[in-house]
file run-v1.pdb (PDB, C-alpha atoms)
ATOM      1  CA  VAL S 623     -32.934 -11.808 -47.657
ATOM      2  CA  VAL S 624     -30.839  -8.868 -48.757
ATOM      3  CA  SER S 625     -27.477  -8.764 -46.989
ATOM      4  CA  VAL S 626     -25.606  -5.479 -47.265
ATOM      5  CA  HIS S 627     -22.348  -3.814 -46.374
ATOM      6  CA  LEU S 628     -22.586  -0.130 -47.215
ATOM      7  CA  GLN S 629     -19.647   2.183 -47.890
ATOM      8  CA  SER S 630     -17.411   2.752 -44.879
ATOM      9  CA  THR S 631     -17.295   6.113 -43.119
ATOM     10  CA  GLY S 632     -13.550   6.316 -43.696
ATOM     11  CA  ILE S 633     -12.781   7.062 -40.053
ATOM     12  CA  TYR S 634     -11.178   3.698 -39.318
ATOM     13  CA  PHE S 635      -8.655   3.926 -42.142
ATOM     14  CA  ALA S 636      -8.010   7.632 -41.620
ATOM     15  CA  ARG S 637      -7.094   7.150 -37.964
ATOM     16  CA  LYS S 638      -4.406   4.668 -39.040
ATOM     17  CA  ARG S 639      -2.628   7.433 -40.943
ATOM     18  CA  ASP S 640      -0.577  10.003 -39.059
ATOM     19  CA  ASP S 641      -0.689  12.592 -41.836
ATOM     20  CA  ILE S 642      -4.486  12.918 -42.161
ATOM     21  CA  ARG S 643      -5.705  16.476 -41.804
ATOM     22  CA  LEU S 644      -9.115  17.453 -40.424
ATOM     23  CA  GLY S 645     -10.258  18.949 -43.747
ATOM     24  CA  THR S 646      -9.204  15.821 -45.624
ATOM     25  CA  LEU S 647     -11.070  13.611 -43.148
ATOM     26  CA  ALA S 648     -14.223  15.736 -43.422
ATOM     27  CA  ALA S 649     -14.094  15.570 -47.235
ATOM     28  CA  LEU S 650     -13.571  11.799 -47.136
ATOM     29  CA  MET S 651     -16.502  11.319 -44.756
ATOM     30  CA  LYS S 652     -18.749  13.511 -46.938
ATOM     31  CA  GLN S 653     -17.822  11.590 -50.081
ATOM     32  CA  ASN S 654     -18.439   8.252 -48.351
ATOM     33  CA  ARG S 655     -21.785   9.477 -46.976
ATOM     34  CA  ARG S 656     -22.906  10.317 -50.524
ATOM     35  CA  ILE S 657     -21.912   6.838 -51.701
ATOM     36  CA  ARG S 658     -23.815   5.229 -48.790
ATOM     37  CA  ASN S 659     -26.911   7.295 -49.556
ATOM     38  CA  ARG S 660     -26.867   6.175 -53.209
ATOM     39  CA  GLN S 661     -26.391   2.557 -52.132
ATOM     40  CA  ALA S 662     -29.285   2.879 -49.675
ATOM     41  CA  SER S 663     -31.547   4.262 -52.411
ATOM     42  CA  GLU S 664     -30.696   1.308 -54.640
ATOM     43  CA  ILE S 665     -31.404  -1.161 -51.824
ATOM     44  CA  HIS S 666     -34.741   0.497 -51.063
ATOM     45  CA  ARG S 667     -35.719   0.344 -54.739
ATOM     46  CA  LEU S 668     -34.699  -3.312 -54.953
ATOM     47  CA  VAL S 669     -36.703  -4.334 -51.879
ATOM     48  CA  LYS S 670     -39.738  -2.261 -52.896
ATOM     49  CA  ASP S 671     -39.848  -4.042 -56.272
ATOM     50  CA  LEU S 672     -39.662  -7.562 -54.803
ATOM     51  CA  ASP S 673     -42.735  -9.746 -55.143
ATOM     52  CA  SER S 674     -41.983 -11.608 -51.927
ATOM     53  CA  PRO S 675     -41.465 -10.828 -48.229
ATOM     54  CA  ALA S 676     -38.085  -9.294 -47.481
ATOM     55  CA  PHE S 677     -35.420  -8.860 -44.849
ATOM     56  CA  VAL S 678     -32.532  -6.402 -45.151
ATOM     57  CA  CYS S 679     -29.624  -7.007 -42.817
ATOM     58  CA  GLY S 680     -25.990  -6.118 -42.425
ATOM     59  CA  ASP S 681     -23.536  -3.310 -41.845
ATOM     60  CA  PHE S 682     -25.171  -0.047 -42.900
ATOM     61  CA  ASN S 683     -22.219   2.018 -41.580
ATOM     62  CA  SER S 684     -24.941   4.490 -40.587
ATOM     63  CA  LEU S 685     -26.335   5.536 -37.250
ATOM     64  CA  PRO S 686     -30.087   5.369 -36.588
ATOM     65  CA  LEU S 687     -31.964   8.291 -38.146
ATOM     66  CA  THR S 688     -29.268   9.074 -40.715
ATOM     67  CA  THR S 689     -30.283   9.414 -44.356
ATOM     68  CA  ALA S 690     -28.937   6.029 -45.476
ATOM     69  CA  GLN S 691     -30.528   4.143 -42.585
ATOM     70  CA  LEU S 692     -33.882   5.899 -43.083
ATOM     71  CA  LYS S 693     -33.884   5.254 -46.845
ATOM     72  CA  ILE S 694     -33.508   1.520 -46.301
ATOM     73  CA  LYS S 695     -35.880   1.465 -43.320
ATOM     74  CA  ASN S 696     -38.659   3.247 -45.252
ATOM     75  CA  GLY S 697     -41.606   0.838 -44.959
ATOM     76  CA  MET S 698     -39.620  -1.707 -42.943
ATOM     77  CA  LYS S 699     -39.371  -2.541 -39.250
ATOM     78  CA  ASP S 700     -36.088  -2.270 -37.351
ATOM     79  CA  SER S 701     -35.931  -5.474 -35.299
ATOM     80  CA  PHE S 702     -33.901  -3.882 -32.496
ATOM     81  CA  MET S 703     -36.216  -0.886 -32.140
ATOM     82  CA  ARG S 704     -39.251  -3.189 -32.071
ATOM     83  CA  ALA S 705     -37.953  -6.079 -29.966
ATOM     84  CA  GLY S 706     -34.497  -5.276 -28.596
ATOM     85  CA  HIS S 707     -33.402  -4.302 -25.107
ATOM     86  CA  GLY S 708     -30.580  -2.162 -23.830
ATOM     87  CA  ARG S 709     -28.359   0.092 -25.855
ATOM     88  CA  GLY S 710     -27.983  -2.045 -28.950
ATOM     89  CA  PHE S 711     -24.502  -0.840 -29.826
ATOM     90  CA  THR S 712     -22.978  -3.051 -32.497
ATOM     91  CA  TYR S 713     -19.592  -1.487 -33.295
ATOM     92  CA  ARG S 714     -16.894  -2.521 -30.820
ATOM     93  CA  TYR S 715     -14.648   0.498 -31.201
ATOM     94  CA  ILE S 716     -15.217   4.191 -30.473
ATOM     95  CA  LYS S 717     -16.121   3.254 -26.888
ATOM     96  CA  ASN S 718     -18.892   0.846 -27.995
ATOM     97  CA  LEU S 719     -21.264   3.758 -28.658
ATOM     98  CA  LEU S 720     -22.431   3.091 -32.226
ATOM     99  CA  ARG S 721     -25.260   1.059 -33.682
ATOM    100  CA  ILE S 722     -24.512   0.611 -37.375
ATOM    101  CA  ASP S 723     -25.677  -2.989 -37.954
ATOM    102  CA  TYR S 724     -29.336  -3.792 -38.493
ATOM    103  CA  ILE S 725     -31.904  -6.431 -39.324
ATOM    104  CA  MET S 726     -35.008  -4.995 -40.978
ATOM    105  CA  CYS S 727     -38.160  -6.850 -41.987
ATOM    106  CA  ASP S 728     -41.115  -5.859 -44.108
ATOM    107  CA  LYS S 729     -44.767  -5.733 -43.023
ATOM    108  CA  SER S 730     -45.111  -9.512 -43.502
ATOM    109  CA  PHE S 731     -43.242 -10.138 -40.238
ATOM    110  CA  ARG S 732     -43.249  -9.023 -36.627
ATOM    111  CA  PRO S 733     -39.948  -8.905 -34.712
ATOM    112  CA  LEU S 734     -40.241 -10.956 -31.525
ATOM    113  CA  GLU S 735     -36.729 -10.581 -30.144
ATOM    114  CA  CYS S 736     -33.459  -8.912 -31.060
ATOM    115  CA  ILE S 737     -30.217  -9.596 -29.240
ATOM    116  CA  ILE S 738     -26.833  -7.990 -29.756
ATOM    117  CA  GLU S 739     -24.355 -10.781 -28.994
ATOM    118  CA  ASN S 740     -21.134  -9.937 -27.185
ATOM    119  CA  ALA S 741     -19.155 -12.487 -29.203
ATOM    120  CA  TYR S 742     -15.998 -10.809 -30.493
ATOM    121  CA  LEU S 743     -15.782 -12.403 -33.913
ATOM    122  CA  SER S 744     -15.029  -9.142 -35.710
ATOM    123  CA  ASP S 745     -15.107  -5.402 -35.061
ATOM    124  CA  HIS S 746     -18.919  -5.700 -35.033
ATOM    125  CA  ARG S 747     -21.189  -7.476 -32.612
ATOM    126  CA  MET S 748     -23.587 -10.009 -34.040
ATOM    127  CA  VAL S 749     -27.259  -9.045 -34.326
ATOM    128  CA  VAL S 750     -29.666 -11.977 -33.875
ATOM    129  CA  SER S 751     -33.415 -11.602 -34.357
ATOM    130  CA  THR S 752     -36.452 -13.855 -34.336
ATOM    131  CA  PHE S 753     -39.650 -13.060 -36.218
ATOM    132  CA  ARG S 754     -43.226 -14.225 -36.559
ATOM    133  CA  GLU S 755     -44.869 -14.271 -39.949
ATOM    134  CA  LEU S 756     -48.115 -12.291 -39.987
TER     135      LEU S 756
END
call {"tool": "encode", "arguments": {"input": "run-v1.pdb", "output": "C-alpha coordinates"}}
result
Amino acid sequence: VVSVHLQSTGIYFARKRDDIRLGTLAALMKQNRRIRNRQASEIHRLVKDLDSPAFVCGDFNSLPLTTAQLKIKNGMKDSFMRAGHGRGFTYRYIKNLLRIDYIMCDKSFRPLECIIENAYLSDHRMVVSTFREL
(Lines of atoms letter the chains of each structure in order from A and count residues from 1; the text may use other names and numbers.)
(Lines give C-alpha, C1' and ligand atoms only; values in the text may rest on other atoms or scores of the structure.)
Protein backbone atom coordinates (compact mmCIF):
# COMPACT_ATOMS: atom_id res chain seq x y z
CA VAL A 1 0.00 0.00 0.00
CA VAL A 2 1.40 3.34 -1.06
CA SER A 3 -0.20 6.23 0.82
CA VAL A 4 0.39 9.66 -0.68
CA HIS A 5 -0.24 13.32 -0.08
CA LEU A 6 0.85 15.27 -3.14
CA GLN A 7 1.82 18.94 -3.21
CA SER A 8 -1.04 21.30 -2.40
CA THR A 9 -2.56 23.54 -5.07
CA GLY A 10 -1.80 26.61 -2.97
CA ILE A 11 -5.34 27.95 -3.21
CA TYR A 12 -6.23 27.28 0.43
CA PHE A 13 -3.28 29.21 1.83
CA ALA A 14 -3.52 31.98 -0.76
CA ARG A 15 -7.15 32.71 0.08
CA LYS A 16 -6.13 33.29 3.70
CA ARG A 17 -3.96 36.21 2.61
CA ASP A 18 -5.56 39.53 1.74
CA ASP A 19 -2.62 40.77 -0.32
CA ILE A 20 -2.45 37.90 -2.85
CA ARG A 21 -2.62 39.08 -6.44
CA LEU A 22 -4.08 37.05 -9.30
CA GLY A 23 -0.72 36.77 -11.10
CA THR A 24 0.98 35.60 -7.91
CA LEU A 25 -1.72 32.98 -7.33
CA ALA A 26 -1.45 31.71 -10.91
CA ALA A 27 2.34 31.41 -10.60
CA LEU A 28 2.01 29.59 -7.27
CA MET A 29 -0.53 27.15 -8.71
CA LYS A 30 1.69 26.49 -11.75
CA GLN A 31 4.73 25.84 -9.57
CA ASN A 32 2.75 23.49 -7.32
CA ARG A 33 1.31 21.66 -10.35
CA ARG A 34 4.85 20.98 -11.60
CA ILE A 35 5.83 19.61 -8.18
CA ARG A 36 2.73 17.36 -8.12
CA ASN A 37 3.49 16.06 -11.61
CA ARG A 38 7.06 15.14 -10.59
CA GLN A 39 5.76 13.44 -7.44
CA ALA A 40 3.19 11.52 -9.50
CA SER A 41 5.91 10.32 -11.89
CA GLU A 42 7.97 9.06 -8.95
CA ILE A 43 4.96 7.25 -7.48
CA HIS A 44 4.16 5.63 -10.83
CA ARG A 45 7.77 4.47 -11.19
CA LEU A 46 7.78 3.09 -7.65
CA VAL A 47 4.55 1.12 -8.12
CA LYS A 48 5.56 -0.15 -11.57
CA ASP A 49 8.80 -1.57 -10.12
CA LEU A 50 7.10 -3.40 -7.24
CA ASP A 51 7.15 -7.19 -7.32
CA SER A 52 3.85 -7.44 -5.47
CA PRO A 53 0.24 -6.27 -5.89
CA ALA A 54 -0.24 -2.60 -5.11
CA PHE A 55 -2.71 -0.01 -3.93
CA VAL A 56 -2.10 3.74 -4.15
CA CYS A 57 -4.34 5.89 -1.99
CA GLY A 58 -4.50 9.35 -0.53
CA ASP A 59 -4.77 13.03 -1.32
CA PHE A 60 -3.57 13.59 -4.88
CA ASN A 61 -4.60 17.28 -4.79
CA SER A 62 -5.55 16.66 -8.43
CA LEU A 63 -8.87 16.44 -10.19
CA PRO A 64 -9.71 13.39 -12.33
CA LEU A 65 -8.04 13.51 -15.75
CA THR A 66 -5.31 15.93 -14.69
CA THR A 67 -1.70 15.04 -15.47
CA ALA A 68 -0.76 14.01 -11.92
CA GLN A 69 -3.84 11.84 -11.45
CA LEU A 70 -3.38 10.17 -14.85
CA LYS A 71 0.32 9.48 -14.23
CA ILE A 72 -0.46 7.60 -11.04
CA LYS A 73 -3.54 5.91 -12.50
CA ASN A 74 -1.62 4.60 -15.54
CA GLY A 75 -2.22 0.83 -15.39
CA MET A 76 -4.31 1.06 -12.22
CA LYS A 77 -8.04 1.05 -11.50
CA ASP A 78 -9.76 3.98 -9.80
CA SER A 79 -12.02 2.36 -7.20
CA PHE A 80 -14.61 5.15 -7.33
CA MET A 81 -14.86 5.11 -11.13
CA ARG A 82 -15.23 1.32 -11.11
CA ALA A 83 -17.47 0.80 -8.08
CA GLY A 84 -18.62 4.15 -6.68
CA HIS A 85 -21.98 5.88 -6.90
CA GLY A 86 -22.97 9.51 -6.96
CA ARG A 87 -20.69 12.47 -7.37
CA GLY A 88 -17.74 11.25 -5.35
CA PHE A 89 -16.62 14.68 -4.20
CA THR A 90 -14.04 14.37 -1.45
CA TYR A 91 -12.98 17.94 -0.64
CA ARG A 92 -15.39 19.67 1.73
CA TYR A 93 -14.70 23.24 0.68
CA ILE A 94 -15.20 25.04 -2.63
CA LYS A 95 -18.88 24.05 -2.53
CA ASN A 96 -18.07 20.31 -2.23
CA LEU A 97 -17.32 20.10 -5.97
CA LEU A 98 -13.86 18.49 -6.04
CA ARG A 99 -12.68 14.90 -6.07
CA ILE A 100 -9.00 14.94 -5.16
CA ASP A 101 -8.72 11.82 -2.96
CA TYR A 102 -8.41 8.38 -4.50
CA ILE A 103 -7.88 4.68 -3.91
CA MET A 104 -6.28 2.93 -6.88
CA CYS A 105 -5.55 -0.77 -7.26
CA ASP A 106 -3.51 -2.71 -9.76
CA LYS A 107 -4.75 -5.46 -12.08
CA SER A 108 -4.55 -8.03 -9.26
CA PHE A 109 -7.76 -6.65 -7.72
CA ARG A 110 -11.28 -5.71 -8.72
CA PRO A 111 -13.03 -2.85 -6.89
CA LEU A 112 -16.36 -4.06 -5.51
CA GLU A 113 -17.54 -0.92 -3.74
CA CYS A 114 -16.36 2.61 -3.09
CA ILE A 115 -18.07 4.94 -0.64
CA ILE A 116 -17.29 8.56 0.12
CA GLU A 117 -18.13 8.93 3.81
CA ASN A 118 -19.72 12.15 5.02
CA ALA A 119 -17.80 12.05 8.30
CA TYR A 120 -16.25 15.47 8.89
CA LEU A 121 -12.94 14.42 10.39
CA SER A 122 -10.89 16.83 8.28
CA ASP A 123 -11.28 19.05 5.23
CA HIS A 124 -11.51 15.83 3.18
CA ARG A 125 -14.15 13.15 3.17
CA MET A 126 -13.01 9.61 3.79
CA VAL A 127 -12.83 7.23 0.83
CA VAL A 128 -13.59 3.59 1.72
CA SER A 129 -13.26 0.78 -0.82
CA THR A 130 -13.58 -2.98 -0.84
CA PHE A 131 -11.80 -5.21 -3.34
CA ARG A 132 -11.70 -8.79 -4.55
CA GLU A 133 -8.41 -10.40 -5.40
CA LEU A 134 -8.38 -11.81 -8.93
call {"tool": "closest_residue", "arguments": {"input": "run-v1.pdb", "among": "S:Lys699, S:His666, S:Lys652, S:Arg658", "to": "Val624 (chain S)", "atoms": "all atoms listed in the file"}}
result
S:His666
call {"tool": "atom_distance", "arguments": {"input": "run-v1.pdb", "atom1": "CA of Arg704 (chain S)", "atom2": "CA of Ala741 (chain S)"}}
result
22.3 Å
call {"tool": "atom_distance", "arguments": {"input": "run-v1.pdb", "atom1": "CA of Arg721 (chain S)", "atom2": "CA of Arg709 (chain S)"}}
result
8.5 Å
call {"tool": "resolve_selection", "arguments": {"input": "run-v1.pdb", "expression": "the PyMOL selection byres ((chain S and resi 729) around 12)", "output": "PyMOL selection string"}}
result
chain S and resi 670+674-677+695-701+726-728+730-733+753-756
call {"tool": "closest_residue", "arguments": {"input": "run-v1.pdb", "among": "S:Gly645, S:Asn654, S:Asp671, S:Asp723", "to": "Val626 (chain S)", "atoms": "only C-alpha atoms"}}
result
S:Asp723
call {"tool": "residues_around", "arguments": {"input": "run-v1.pdb", "residues": "region 678-683 of chain S", "least_positions_apart": "4", "cutoff": "8 Å", "atoms": "only C-alpha atoms", "output": "PyMOL selection string"}}
result
chain S and resi 623-631+690-691+722-727
call {"tool": "closest_residue", "arguments": {"input": "run-v1.pdb", "among": "S:Leu720, S:Leu685, S:Leu734, S:Leu743", "to": "Arg655 (chain S)", "atoms": "all atoms listed in the file"}}
result
S:Leu685
call {"tool": "decode", "arguments": {"input": "run-v1.pdb", "residues": "region 652-668 of chain S", "atoms": "N, CA and C atoms", "output": "tab-separated table (two decimals), in the first residue's frame"}}
result
chain	number	residue	atom	x	y	z
S	652	LYS	N	0.88	27.12	-10.70
S	652	LYS	CA	1.69	26.49	-11.75
S	652	LYS	C	2.90	25.78	-11.16
S	653	GLN	N	3.58	26.44	-10.24
S	653	GLN	CA	4.73	25.84	-9.57
S	653	GLN	C	4.32	24.57	-8.82
S	654	ASN	N	3.22	24.64	-8.09
S	654	ASN	CA	2.75	23.49	-7.32
S	654	ASN	C	2.30	22.35	-8.23
S	655	ARG	N	1.70	22.69	-9.38
S	655	ARG	CA	1.31	21.66	-10.35
S	655	ARG	C	2.54	20.92	-10.87
S	656	ARG	N	3.60	21.63	-11.14
S	656	ARG	CA	4.85	20.98	-11.60
S	656	ARG	C	5.39	20.04	-10.53
S	657	ILE	N	5.36	20.47	-9.28
S	657	ILE	CA	5.83	19.61	-8.18
S	657	ILE	C	4.97	18.35	-8.10
S	658	ARG	N	3.64	18.51	-8.17
S	658	ARG	CA	2.73	17.36	-8.12
S	658	ARG	C	3.00	16.39	-9.26
S	659	ASN	N	3.23	16.92	-10.45
S	659	ASN	CA	3.49	16.06	-11.61
S	659	ASN	C	4.77	15.26	-11.43
S	660	ARG	N	5.81	15.88	-10.87
S	660	ARG	CA	7.06	15.14	-10.59
S	660	ARG	C	6.81	14.06	-9.53
S	661	GLN	N	6.07	14.42	-8.49
S	661	GLN	CA	5.76	13.44	-7.44
S	661	GLN	C	4.97	12.27	-8.02
S	662	ALA	N	4.01	12.57	-8.88
S	662	ALA	CA	3.19	11.52	-9.50
S	662	ALA	C	4.05	10.59	-10.36
S	663	SER	N	5.00	11.15	-11.08
S	663	SER	CA	5.91	10.32	-11.89
S	663	SER	C	6.73	9.39	-11.01
S	664	GLU	N	7.20	9.89	-9.88
S	664	GLU	CA	7.97	9.06	-8.95
S	664	GLU	C	7.11	7.95	-8.37
S	665	ILE	N	5.87	8.26	-8.03
S	665	ILE	CA	4.96	7.25	-7.48
S	665	ILE	C	4.68	6.17	-8.53
S	666	HIS	N	4.41	6.60	-9.76
S	666	HIS	CA	4.16	5.63	-10.83
S	666	HIS	C	5.35	4.70	-11.02
S	667	ARG	N	6.54	5.26	-11.03
S	667	ARG	CA	7.77	4.47	-11.19
S	667	ARG	C	7.93	3.48	-10.04
S	668	LEU	N	7.67	3.94	-8.83
S	668	LEU	CA	7.78	3.09	-7.65
S	668	LEU	C	6.82	1.90	-7.74
